[in-house]
Amino acid sequence: MKEQTIMLAGGTGLVGSHCLKFLQDAAFCKHIKVVTRKPVPVIESFSKARQFLVDFDNPETLKQAGTCDAVICAMGTTIKKAGSPEAFKKVDFTYCLEVARAGLAGGARHFLLVTAMGSSPRSKIFYNRIKGELEQAVMALGFPCVSVFRPSLILGAREESRSGEELGRLFSRMFGFAIPAKYKAIQAADIARAIVGQAAECRDFSQIFESHEIRALGQEA
């Protein structure tokens, strides 16, 4: 298995932080280049990782990360946290797309992207439409391989509370037995295991993984 250098965007988030841990333990991963807006001391405890402070509003700063073999993008926010639909789109579309462009320019052949269940550029739901537009834009860049992960409700300990997700968790606990596999909530750690497992693969085609497929991959890993 080829040793790889992985660029990681969103490494301090719920899914991204798990990706960082699993990449540290992965035999195929030689170096982890974590691109982040501000210093994150915890990253220094990972021997394979090096953080690069970037200004996502200035894509040129992404170039300092240099070359890589693959990019994992687990960046994302909510409209409530961002403050407006426009600010949300800046993070979840523009910033993510700039990370993809920087990775491709740095030699990456594989781009691994976390979006959401129901992502579609034709969706009437703004959140899902932006995610779908991002998928479409990344696919058009020319990566030999793009892996898209569309999880349903993500379970895990967040720094901030999200009321909608709390209701979703409660509903999942109460009626989980009756929810089709595709729609069941999924642990952030399972998503990260699936992502890191796919990062080890070197293929020349793209693939979209729905939530039940992500869960299966994560549990197999």
# chains A, B, ... in the order shown; residues from 1 in each chain; ligands from 1
call {"tool": "closest_atom_pairs", "arguments": {"of": "segment 11-101 of chain A", "to": "segment 107-131 of chain A", "cutoff": "6 Å", "atoms": "only C-alpha atoms", "output": "tab-separated table"}}
result
residue	atom	partner	partner_atom	distance
A:Thr67	CA	A:Gly107	CA	5.8
A:Cys68	CA	A:Ala108	CA	5.3
A:Asp69	CA	A:Ala108	CA	4.3
A:Ala70	CA	A:His110	CA	4.7
A:Val71	CA	A:Phe111	CA	4.9
A:Ile72	CA	A:Leu112	CA	4.7
A:Cys73	CA	A:Leu113	CA	5.0
A:Ala74	CA	A:Val114	CA	5.3
call {"tool": "write_last_selection", "arguments": {"atoms": "N, CA and C atoms", "output": "compact mmCIF listing (two decimals), in the first residue's frame"}}
result
# COMPACT_ATOMS: atom_id res chain seq x y z
N THR A 67 2.37 20.05 -1.38
CA THR A 67 1.86 18.88 -2.10
C THR A 67 1.18 17.88 -1.16
N CYS A 68 0.34 17.07 -1.76
CA CYS A 68 -0.34 16.01 -1.01
C CYS A 68 -0.85 14.97 -2.01
N ASP A 69 -1.21 13.82 -1.49
CA ASP A 69 -1.74 12.75 -2.33
C ASP A 69 -3.26 12.73 -2.34
N ALA A 70 -3.85 13.16 -1.24
CA ALA A 70 -5.31 13.16 -1.12
C ALA A 70 -5.72 14.27 -0.17
N VAL A 71 -6.99 14.68 -0.29
CA VAL A 71 -7.55 15.73 0.55
C VAL A 71 -8.83 15.22 1.19
N ILE A 72 -8.93 15.39 2.50
CA ILE A 72 -10.18 15.11 3.20
C ILE A 72 -10.77 16.45 3.62
N CYS A 73 -11.98 16.73 3.19
CA CYS A 73 -12.65 17.98 3.53
C CYS A 73 -13.88 17.68 4.36
N ALA A 74 -13.78 17.99 5.65
CA ALA A 74 -14.90 17.77 6.57
C ALA A 74 -15.37 19.11 7.14
call {"tool": "closest_atom_pairs", "arguments": {"of": "segment 56-138 of chain A", "to": "segment 22-37 of chain A", "cutoff": "8 Å", "atoms": "only C-alpha atoms", "output": "CSV"}}
result
residue,atom,partner,partner_atom,distance
A:Phe56,CA,A:Arg37,CA,7.4
A:Leu62,CA,A:Val35,CA,7.5
A:Ala65,CA,A:Lys33,CA,6.6
call {"tool": "select_by_dssp", "arguments": {"residues": "segment 3-193 of chain A", "states": "strand (DSSP E or B)", "output": "MDAnalysis selection string"}}
result
chainID A and resid 4:9 29:36 49:53 70:73 110:114 145:150 154:155 186:187
call {"tool": "write_last_selection", "arguments": {"atoms": "C-alpha atoms", "output": "PDB file, in the first residue's frame"}}
result
ATOM      1  CA  GLN A   4       0.329   9.027   1.448  1.00  0.00           C
ATOM      2  CA  THR A   5       0.385  12.614   2.586  1.00  0.00           C
ATOM      3  CA  ILE A   6      -3.141  13.743   3.438  1.00  0.00           C
ATOM      4  CA  MET A   7      -4.384  17.316   3.578  1.00  0.00           C
ATOM      5  CA  LEU A   8      -7.179  17.666   6.139  1.00  0.00           C
ATOM      6  CA  ALA A   9      -9.625  20.581   6.240  1.00  0.00           C
ATOM      7  CA  CYS A  29      -0.696   7.743   6.121  1.00  0.00           C
ATOM      8  CA  LYS A  30       2.794   9.220   6.371  1.00  0.00           C
ATOM      9  CA  HIS A  31       1.999  12.899   6.921  1.00  0.00           C
ATOM     10  CA  ILE A  32      -1.139  14.899   7.776  1.00  0.00           C
ATOM     11  CA  LYS A  33      -1.317  18.536   6.697  1.00  0.00           C
ATOM     12  CA  VAL A  34      -4.064  20.201   8.721  1.00  0.00           C
ATOM     13  CA  VAL A  35      -5.247  23.513   7.286  1.00  0.00           C
ATOM     14  CA  THR A  36      -6.907  25.673   9.925  1.00  0.00           C
ATOM     15  CA  ALA A  49       0.406  16.141  11.785  1.00  0.00           C
ATOM     16  CA  ARG A  50       1.529  19.642  10.954  1.00  0.00           C
ATOM     17  CA  GLN A  51      -0.857  22.564  10.980  1.00  0.00           C
ATOM     18  CA  PHE A  52      -0.897  25.376   8.442  1.00  0.00           C
ATOM     19  CA  LEU A  53      -2.633  28.610   9.397  1.00  0.00           C
ATOM     20  CA  ALA A  70      -5.308  13.156  -1.119  1.00  0.00           C
ATOM     21  CA  VAL A  71      -7.550  15.728   0.554  1.00  0.00           C
ATOM     22  CA  ILE A  72     -10.177  15.114   3.205  1.00  0.00           C
ATOM     23  CA  CYS A  73     -12.645  17.982   3.526  1.00  0.00           C
ATOM     24  CA  HIS A 110      -8.282  11.833  -4.487  1.00  0.00           C
ATOM     25  CA  PHE A 111     -10.708  14.283  -2.872  1.00  0.00           C
ATOM     26  CA  LEU A 112     -12.882  13.004  -0.029  1.00  0.00           C
ATOM     27  CA  LEU A 113     -15.819  15.239   0.821  1.00  0.00           C
ATOM     28  CA  VAL A 114     -18.420  15.162   3.590  1.00  0.00           C
ATOM     29  CA  CYS A 145     -11.240  10.188  -7.878  1.00  0.00           C
ATOM     30  CA  VAL A 146     -13.810  11.993  -5.729  1.00  0.00           C
ATOM     31  CA  SER A 147     -15.408  10.198  -2.781  1.00  0.00           C
ATOM     32  CA  VAL A 148     -18.551  11.880  -1.467  1.00  0.00           C
ATOM     33  CA  PHE A 149     -19.993  10.942   1.917  1.00  0.00           C
ATOM     34  CA  ARG A 150     -23.639  11.839   2.572  1.00  0.00           C
ATOM     35  CA  ILE A 154     -24.459  12.852  12.859  1.00  0.00           C
ATOM     36  CA  LEU A 155     -24.108  11.702  16.454  1.00  0.00           C
ATOM     37  CA  ILE A 186     -24.823   7.760  12.359  1.00  0.00           C
ATOM     38  CA  GLN A 187     -21.855   8.116  14.698  1.00  0.00           C
TER      39      GLN A 187
END
call {"tool": "select_by_dssp", "arguments": {"residues": "segment 79-171 of chain A", "states": "helix (DSSP H, G or I)", "output": "ChimeraX atom specification"}}
result
/A:79-82,85-105,126-139,163-171
call {"tool": "atom_distance", "arguments": {"atom1": "atom CA of Leu134 of chain A", "atom2": "atom CA of Ala82 of chain A"}}
result
17.3 Å
call {"tool": "closest_residue", "arguments": {"among": "A:Leu153, A:Val54, A:Cys19, A:Ala137", "to": "Phe93 of chain A", "atoms": "only C-alpha atoms"}}
result
A:Ala137
call {"tool": "closest_residue", "arguments": {"among": "A:Ala216, A:Ala192, A:Val99, A:Ala200", "to": "Gly13 of chain A", "atoms": "only C-alpha atoms"}}
result
A:Ala192
call {"tool": "closest_residue", "arguments": {"among": "A:Ser206, A:Ala199, A:Gly10, A:Arg215", "to": "Ala185 of chain A", "atoms": "only C-alpha atoms"}}
result
A:Arg215
call {"tool": "closest_residue", "arguments": {"among": "A:Ser45, A:Gln219, A:Ser152, A:Thr61", "to": "Pro180 of chain A", "atoms": "only C-alpha atoms"}}
result
A:Ser152
call {"tool": "atom_distance", "arguments": {"atom1": "atom CA of Lys182 of chain A", "atom2": "atom CA of Ser211 of chain A"}}
result
5.5 Å
call {"tool": "atom_distance", "arguments": {"atom1": "atom CA of Gly66 of chain A", "atom2": "atom CA of Gly106 of chain A"}}
result
5.8 Å
